[in-house]
Amino acid sequence: MAKQLRIIPEKCTGCIQCELACSFVQTGTFQPARSLIRVHLFDDQASYAPYTCFQCDEAWCLTACPVNAITISPAAAKVVVEDLCVGCGLCTIACPFGTVWYNPDTSKATKCDLCAGDPACAKACPTGAIEYVDTPAADWLGPWAEDLNKTYAEIQAGAPQGGAQ
Amino acid sequence: MLKLLGGLRRFGAREQSVSGTTVAAVLNESPVPRVLLFPDGQLNGDLEVLVNGRNIAFLGGLDTPLAEEDRVTIFLHGARGYPGG
Amino acid sequence: MIGGWTGNVLRVNLSTGAIKKEALREDWAREYVGGRGLGARYLWEEGDPNVDPFSPKNKLLFVTGPLTGTNASCGARYMVVTKGALTGAITTSNSGGHWGPELKFAGYDMIIVEGRATHPVYLWIHNDQVELRSAEHLWGKGVWDTEELIRKESGVPDCIVASIGPAGENLVRFAGIINDLHRAAGRSGVGAVMGSKLLKAIAVRGTGSVRLADARGFMSASWAMKAKLKESAVTAEGLATYGTAVLMNVINEHGAIPTRNHLESVFEKAEDISGETLAETRLVANKACFACTIACGRVSKLPGEAAGKFLVNTHPRNWKIAGEGLEYENAWAMGADCGIGELDALIKANWLCNDFGMDPISFGATLAAAMELYEKEIISNSLTGMPLRFGNAEALVAMAEKTAYREGFGDLLAEGSKRLTARFGHPEFFMGVRGQEFPAYDARAIQGMGLGYATSNRGACHLKSYTVSPEILGIPKKMDPHTTEGKAEITKIFQDITSAVDSTGLCLFLTFGVGLEEMLPQLVAATGVPYTMETLMQAGERIWTLERLWNERAGLGKGSDTLPKRLLEDPIPAGPAKGLVSKLGDMLPEYYRLRGWTEDGEVTAEKRKELGLS
């Protein structure tokens, strides 16, 4: 079985060190805008979770690519082969999770490649919210998000309406 | 009386009566594990121990004598390692 | 510049609308590092120590450090530097979150705001696109609404916003600037200065990068420091689990917690408002600033009925699942200092302070002084509109809003406790230095803090020389809080180190786990400047001294190095520190001597020459 990035959203503190580590691998500088893992800061719900390519079995990006520029690496990650990529952006649309990006500096698509088997984000995470483990791919964020939404809806339902007291 | 603050409360009630005529005796009777209190046979540098709000470092150390009504407070912090993880 | 700094400064003149990008003074960057130091140097050059803080001539600086925006653990910080509305002294107010790093990613080290706009505006920065936009529709709104609206209307939802709320707009003397909804450049009225300029917010989106001179060296130094942070019980566990409010019980056990406007120093309800109780009953999660491993931030919730009890505004926004807080200083000022032991009231009031953009420390301490005036029947219901007795939690929450809007008695509270108590003929009820209220440590019970408060350049402050560290926590070594021995030396050292750390862009909480020696390699690797411990400590001393020189010119030099009579003459009535007064007089002369100042506390010409200060 291939190793996956397992996300444990409850452990995320929103520090974005994963973004910094990833952007460092991509650019040699700190540039979160180029990170291939993003932390969405749900400030309204006081929750944070990192998300990146789930390396899903469906491989939407791979299927959508008109020039077969996305292949599967030895680390079992879907990777963009830069030489073949023509920058059409179809993969960025095809991915239902939004974790394929278009890099304006290179004019190519870009996505998580698991750092060829040694993912920087997992090492950088101080709380263990990102683990690189032998496990089947799964929907790490779904159940957690559902839970959050339920609680939020409950609170909103209980909130008084009307003007200031 | 023994008071535990912060993370030490995982070992016992925040306040409990513990008998002992010296600070060392009270620490030995306390629910805090010995490996945490005396990691190398010495008092853990990450622990501060107070008697009635005064640090034992400025009283008699571990040999500080205690009366019935004295209050020993322990809290954990510090810049060194934390044995036991 | 090679790395760390971007080399760019944004100069915004609100009077003319002119926006310029100019080169950072590299020599000043090297000598003063960044953040607090760099801001002081620019303000020294361009500002006027005798100007009114609300004058268009007062400059408002937002300054990052070279390590802001890097992965140096806790590289989140920026400083607001200006002449403080509360104090008239040079003020340096620090904040975390994500705003500082975003400014670096947009490509700027610092923003200098000058003049005053003719109508409310906000500054929009999106990489190279920098413009002033109308804030007429935002004026009057709280911080949270402002952030939400700017995110929506800009079409750039990832932008990070620093803004003022009604408190800053209404020139509340202790109004702050809030970023990321709950992070604050809180003290000394920097928000009021911003409000006086009709500047509602600065919104930033940056997609650029922060470069490093020696990337490999930086990363290995950074990893090493992170590992050390994991070893320290404070930074690895204590702060993450309980937040800074873990200090409530600790300080109370030492009998050092100022209670009811410093009338006492043991608070019988400390446990109820402690970090432990917060964690057990109200905490949702902890939270980190940008790049931070410590994650001391608190996210807490108020269950339905509790929020209902302390309701002031039924806006649905206030029914978010949770908000940030409660920190120790806030819990102390609005809690112990006001004799209030109801955690829910404190959480609520703290959220209000964040949304209104107001410093909870000065607000709570000012209310405490008002409570003493009320209890001693110097003021009454006819003026206050409600019984301002110690312990009145409803009054706390009600007064938070009244103060932000300067309504009724809130208009008087908004002036701060120095002006408030003087107005009613009892200046001795003011508990502070240089016009700023004390934070959460009684100077009689922790002698070194008394010296630190008396000599702090921005007014009474715990952060500028946090000798609570050795005196209570035993970090880096144990010192007896009741004695004055060695306190002058440790205070000077802490002041200089803190000045240096505050200038790098790193968070001061690192110092609970690592020393300046551990931070140094990252600074060198990032900037390419061969700082050593000597030169960095000297930079710290230079920064401290420059701030002092500013204050001397503003008439807030040696004559202000004192403490209120209550601390110098009234012994603590009960508890472990019973009978103690502050022995400031025993420490001050040695402090001046160690600083190389005159016996009177004036900076000498030799010292200025030594530090390269004109």
# chains A, B, ... in the order shown; residues from 1 in each chain; ligands from 1
>>> closest_atom_pairs(of="chain C", to="chain A", cutoff="6 Å", atoms="only C-alpha atoms", output="CSV")
residue,atom,partner,partner_atom,distance
C:Thr207,CA,A:Ala33,CA,5.0
C:Gly208,CA,A:Gln31,CA,5.9
C:Ser209,CA,A:Gln31,CA,4.3
C:Val210,CA,A:Phe30,CA,5.1
C:Arg211,CA,A:Thr29,CA,5.0
C:Lys287,CA,A:Thr13,CA,4.5
C:Ala288,CA,A:Cys15,CA,4.9
C:Cys289,CA,A:Cys15,CA,5.5
C:Phe290,CA,A:Cys15,CA,4.8
C:Ala291,CA,A:Cys15,CA,4.9
C:Cys292,CA,A:Cys15,CA,5.4
C:Thr293,CA,A:Pro126,CA,5.8
C:Asn313,CA,A:Ala164,CA,4.9
C:Thr314,CA,A:Ala164,CA,5.4
C:Ile321,CA,A:Gln45,CA,5.7
>>> interface_residues(of="chain C", to="chain B", cutoff="8 Å", atoms="only C-alpha atoms", output="PyMOL selection string")
chain C and resi 231-234+238+242+246+249-250+253-255+275-276+473-476+478+480+512-514+575-576
>>> select_by_dssp(residues="region 18-73 of chain B", states="helix (DSSP H, G or I)", output="ChimeraX atom specification")
/B:23-29,34-37,56-58,61-63
>>> write_last_selection(atoms="N, CA and C atoms", output="PDB file, in the first residue's frame")
ATOM      1  N   VAL B  23       8.957  19.591  53.317  1.00  0.00           N
ATOM      2  CA  VAL B  23       8.511  19.659  51.931  1.00  0.00           C
ATOM      3  C   VAL B  23       8.788  18.334  51.224  1.00  0.00           C
ATOM      4  N   ALA B  24       9.955  17.784  51.456  1.00  0.00           N
ATOM      5  CA  ALA B  24      10.313  16.506  50.817  1.00  0.00           C
ATOM      6  C   ALA B  24       9.297  15.435  51.157  1.00  0.00           C
ATOM      7  N   ALA B  25       8.879  15.393  52.422  1.00  0.00           N
ATOM      8  CA  ALA B  25       7.909  14.378  52.855  1.00  0.00           C
ATOM      9  C   ALA B  25       6.584  14.558  52.134  1.00  0.00           C
ATOM     10  N   VAL B  26       6.137  15.796  52.016  1.00  0.00           N
ATOM     11  CA  VAL B  26       4.870  16.058  51.334  1.00  0.00           C
ATOM     12  C   VAL B  26       4.965  15.680  49.859  1.00  0.00           C
ATOM     13  N   LEU B  27       6.079  16.003  49.233  1.00  0.00           N
ATOM     14  CA  LEU B  27       6.248  15.658  47.816  1.00  0.00           C
ATOM     15  C   LEU B  27       6.201  14.150  47.624  1.00  0.00           C
ATOM     16  N   ASN B  28       6.826  13.420  48.550  1.00  0.00           N
ATOM     17  CA  ASN B  28       6.827  11.959  48.448  1.00  0.00           C
ATOM     18  C   ASN B  28       5.439  11.375  48.589  1.00  0.00           C
ATOM     19  N   GLU B  29       4.602  12.030  49.412  1.00  0.00           N
ATOM     20  CA  GLU B  29       3.235  11.561  49.626  1.00  0.00           C
ATOM     21  C   GLU B  29       2.295  12.018  48.521  1.00  0.00           C
ATOM     22  N   ARG B  34       7.135  10.102  41.110  1.00  0.00           N
ATOM     23  CA  ARG B  34       8.505  10.374  41.528  1.00  0.00           C
ATOM     24  C   ARG B  34       9.409  10.732  40.341  1.00  0.00           C
ATOM     25  N   VAL B  35       9.160  10.070  39.209  1.00  0.00           N
ATOM     26  CA  VAL B  35      10.045  10.291  38.066  1.00  0.00           C
ATOM     27  C   VAL B  35       9.940  11.732  37.581  1.00  0.00           C
ATOM     28  N   LEU B  36       8.808  12.349  37.847  1.00  0.00           N
ATOM     29  CA  LEU B  36       8.621  13.743  37.458  1.00  0.00           C
ATOM     30  C   LEU B  36       9.207  14.664  38.521  1.00  0.00           C
ATOM     31  N   LEU B  37       9.025  14.299  39.786  1.00  0.00           N
ATOM     32  CA  LEU B  37       9.504  15.145  40.870  1.00  0.00           C
ATOM     33  C   LEU B  37      11.031  15.124  40.963  1.00  0.00           C
ATOM     34  N   ILE B  56      10.582  27.539  47.759  1.00  0.00           N
ATOM     35  CA  ILE B  56      11.446  26.865  48.747  1.00  0.00           C
ATOM     36  C   ILE B  56      12.917  27.163  48.524  1.00  0.00           C
ATOM     37  N   ALA B  57      13.256  27.643  47.330  1.00  0.00           N
ATOM     38  CA  ALA B  57      14.645  28.024  47.068  1.00  0.00           C
ATOM     39  C   ALA B  57      15.088  29.135  48.011  1.00  0.00           C
ATOM     40  N   PHE B  58      14.126  29.910  48.494  1.00  0.00           N
ATOM     41  CA  PHE B  58      14.471  31.021  49.382  1.00  0.00           C
ATOM     42  C   PHE B  58      14.089  30.714  50.817  1.00  0.00           C
ATOM     43  N   GLY B  61      14.703  24.948  51.126  1.00  0.00           N
ATOM     44  CA  GLY B  61      14.747  23.897  50.108  1.00  0.00           C
ATOM     45  C   GLY B  61      13.813  22.747  50.455  1.00  0.00           C
ATOM     46  N   LEU B  62      14.206  21.560  50.087  1.00  0.00           N
ATOM     47  CA  LEU B  62      13.356  20.391  50.327  1.00  0.00           C
ATOM     48  C   LEU B  62      13.198  20.090  51.817  1.00  0.00           C
ATOM     49  N   ASP B  63      14.141  20.579  52.615  1.00  0.00           N
ATOM     50  CA  ASP B  63      14.074  20.323  54.054  1.00  0.00           C
ATOM     51  C   ASP B  63      13.236  21.342  54.804  1.00  0.00           C
TER      52      ASP B  63
END
>>> closest_residue(among="C:Thr366, C:Gln447, C:Thr545, C:Ser188", to="Gly410 (chain C)", atoms="only C-alpha atoms")
C:Thr366
>>> residues_around(residues="Arg38 (chain A)", least_positions_apart="5", cutoff="7 Å", atoms="only C-alpha atoms", output="list in words")
Glu19, Pro50, Tyr51 and Thr52 of chain A
>>> atom_distance(atom1="CA of Trp5 (chain C)", atom2="CA of Trp44 (chain C)")
20.5 Å
>>> atom_distance(atom1="CA of Gly540 (chain C)", atom2="CA of Met519 (chain C)")
13.9 Å
>>> closest_residue(among="C:Ala574, C:Ile164, C:Met79, C:Val204", to="Asp502 (chain C)", atoms="only C-alpha atoms")
C:Met79
>>> atom_distance(atom1="CA of Gly408 (chain C)", atom2="CA of Ser196 (chain C)")
21.2 Å
>>> select_by_dssp(residues="region 16-67 of chain A", states="strand (DSSP E)", output="list in words")
Arg38, Val39, His40, Leu41, Phe42, Ser47, Tyr48, Ala49, Pro50 and Tyr51 of chain A
>>> closest_residue(among="C:Val603, C:Ala443, C:Ala40, C:Ile493", to="Glu547 (chain C)", atoms="only C-alpha atoms")
C:Ala40
>>> residues_around(residues="Phe509 (chain C)", least_positions_apart="4", cutoff="9 Å", atoms="only C-alpha atoms", output="PyMOL selection string")
chain C and resi 74+235+294+513
>>> residues_around(residues="Gly17 (chain C)", least_positions_apart="4", cutoff="12 Å", atoms="only C-alpha atoms", output="PyMOL selection string")
chain C and resi 11-13+113-119+121-123+130-134+199
>>> write_last_selection(atoms="C-alpha atoms", output="short mmCIF file (atom, residue, chain, number, x, y, z; two decimals), in the first residue's frame")
data_model
loop_
_atom_site.label_atom_id
_atom_site.label_comp_id
_atom_site.auth_asym_id
_atom_site.auth_seq_id
_atom_site.Cartn_x
_atom_site.Cartn_y
_atom_site.Cartn_z
CA ARG C 11 5.11 56.08 2.52
CA VAL C 12 1.48 57.14 2.58
CA ASN C 13 0.53 60.77 3.04
CA VAL C 113 1.48 56.86 7.55
CA GLU C 114 1.59 60.64 7.61
CA GLY C 115 -0.92 63.45 7.81
CA ARG C 116 -4.63 63.12 8.08
CA ALA C 117 -7.29 62.25 5.52
CA THR C 118 -10.24 64.54 4.84
CA HIS C 119 -12.70 61.68 5.02
CA VAL C 121 -10.25 55.90 4.08
CA TYR C 122 -8.58 52.56 4.15
CA LEU C 123 -5.31 51.56 2.57
CA VAL C 130 -1.42 50.31 -3.42
CA GLU C 131 -4.29 52.76 -3.12
CA LEU C 132 -6.46 54.63 -0.69
CA ARG C 133 -10.10 53.63 -0.84
CA SER C 134 -13.09 55.27 0.73
CA LEU C 199 -7.59 55.74 8.58
#
>>> decode(residues="region 38-85 of chain A", atoms="C-alpha atoms", output="PDB file, in the first residue's frame")
ATOM      1  CA  ARG A  38      -3.140  25.296   1.877  1.00  0.00           C
ATOM      2  CA  VAL A  39      -4.576  25.913   5.298  1.00  0.00           C
ATOM      3  CA  HIS A  40      -8.030  27.297   5.188  1.00  0.00           C
ATOM      4  CA  LEU A  41      -8.563  29.545   8.155  1.00  0.00           C
ATOM      5  CA  PHE A  42     -12.239  29.212   9.018  1.00  0.00           C
ATOM      6  CA  ASP A  43     -12.047  32.096  11.451  1.00  0.00           C
ATOM      7  CA  ASP A  44     -15.807  32.342  11.781  1.00  0.00           C
ATOM      8  CA  GLN A  45     -15.926  28.799  13.055  1.00  0.00           C
ATOM      9  CA  ALA A  46     -12.622  28.976  14.847  1.00  0.00           C
ATOM     10  CA  SER A  47     -11.308  26.007  12.913  1.00  0.00           C
ATOM     11  CA  TYR A  48      -8.416  25.394  10.609  1.00  0.00           C
ATOM     12  CA  ALA A  49      -7.474  22.547   8.383  1.00  0.00           C
ATOM     13  CA  PRO A  50      -4.712  21.935   5.871  1.00  0.00           C
ATOM     14  CA  TYR A  51      -5.747  20.449   2.570  1.00  0.00           C
ATOM     15  CA  THR A  52      -3.870  19.209  -0.430  1.00  0.00           C
ATOM     16  CA  CYS A  53      -4.163  16.606  -3.125  1.00  0.00           C
ATOM     17  CA  PHE A  54      -5.758  13.451  -1.734  1.00  0.00           C
ATOM     18  CA  GLN A  55      -3.989  11.378  -4.389  1.00  0.00           C
ATOM     19  CA  CYS A  56      -7.467  10.085  -5.152  1.00  0.00           C
ATOM     20  CA  ASP A  57      -8.094   6.879  -7.044  1.00  0.00           C
ATOM     21  CA  GLU A  58     -10.295   8.663  -9.591  1.00  0.00           C
ATOM     22  CA  ALA A  59      -7.325  10.806 -10.699  1.00  0.00           C
ATOM     23  CA  TRP A  60      -9.550  13.472 -12.234  1.00  0.00           C
ATOM     24  CA  CYS A  61      -6.565  15.636 -13.096  1.00  0.00           C
ATOM     25  CA  LEU A  62      -4.770  12.858 -14.890  1.00  0.00           C
ATOM     26  CA  THR A  63      -7.849  11.920 -16.866  1.00  0.00           C
ATOM     27  CA  ALA A  64      -8.558  15.501 -17.896  1.00  0.00           C
ATOM     28  CA  CYS A  65      -5.091  16.299 -19.180  1.00  0.00           C
ATOM     29  CA  PRO A  66      -5.176  16.528 -22.970  1.00  0.00           C
ATOM     30  CA  VAL A  67      -1.453  15.937 -23.385  1.00  0.00           C
ATOM     31  CA  ASN A  68      -0.952  13.222 -20.755  1.00  0.00           C
ATOM     32  CA  ALA A  69       1.293  15.437 -18.726  1.00  0.00           C
ATOM     33  CA  ILE A  70       0.143  13.988 -15.422  1.00  0.00           C
ATOM     34  CA  THR A  71       1.599  10.653 -14.476  1.00  0.00           C
ATOM     35  CA  ILE A  72       1.975   8.551 -11.356  1.00  0.00           C
ATOM     36  CA  SER A  73       5.299   8.754  -9.596  1.00  0.00           C
ATOM     37  CA  PRO A  74       7.204   6.030  -7.730  1.00  0.00           C
ATOM     38  CA  ALA A  75       5.832   7.528  -4.533  1.00  0.00           C
ATOM     39  CA  ALA A  76       2.356   6.822  -5.945  1.00  0.00           C
ATOM     40  CA  ALA A  77       1.597  10.520  -6.331  1.00  0.00           C
ATOM     41  CA  LYS A  78      -0.002  12.127  -9.347  1.00  0.00           C
ATOM     42  CA  VAL A  79       2.619  14.509 -10.661  1.00  0.00           C
ATOM     43  CA  VAL A  80       2.731  17.109 -13.399  1.00  0.00           C
ATOM     44  CA  VAL A  81       5.523  16.514 -15.870  1.00  0.00           C
ATOM     45  CA  GLU A  82       6.568  20.069 -16.570  1.00  0.00           C
ATOM     46  CA  ASP A  83       8.100  19.402 -19.961  1.00  0.00           C
ATOM     47  CA  LEU A  84       4.824  18.046 -21.252  1.00  0.00           C
ATOM     48  CA  CYS A  85       2.475  20.498 -19.564  1.00  0.00           C
TER      49      CYS A  85
END
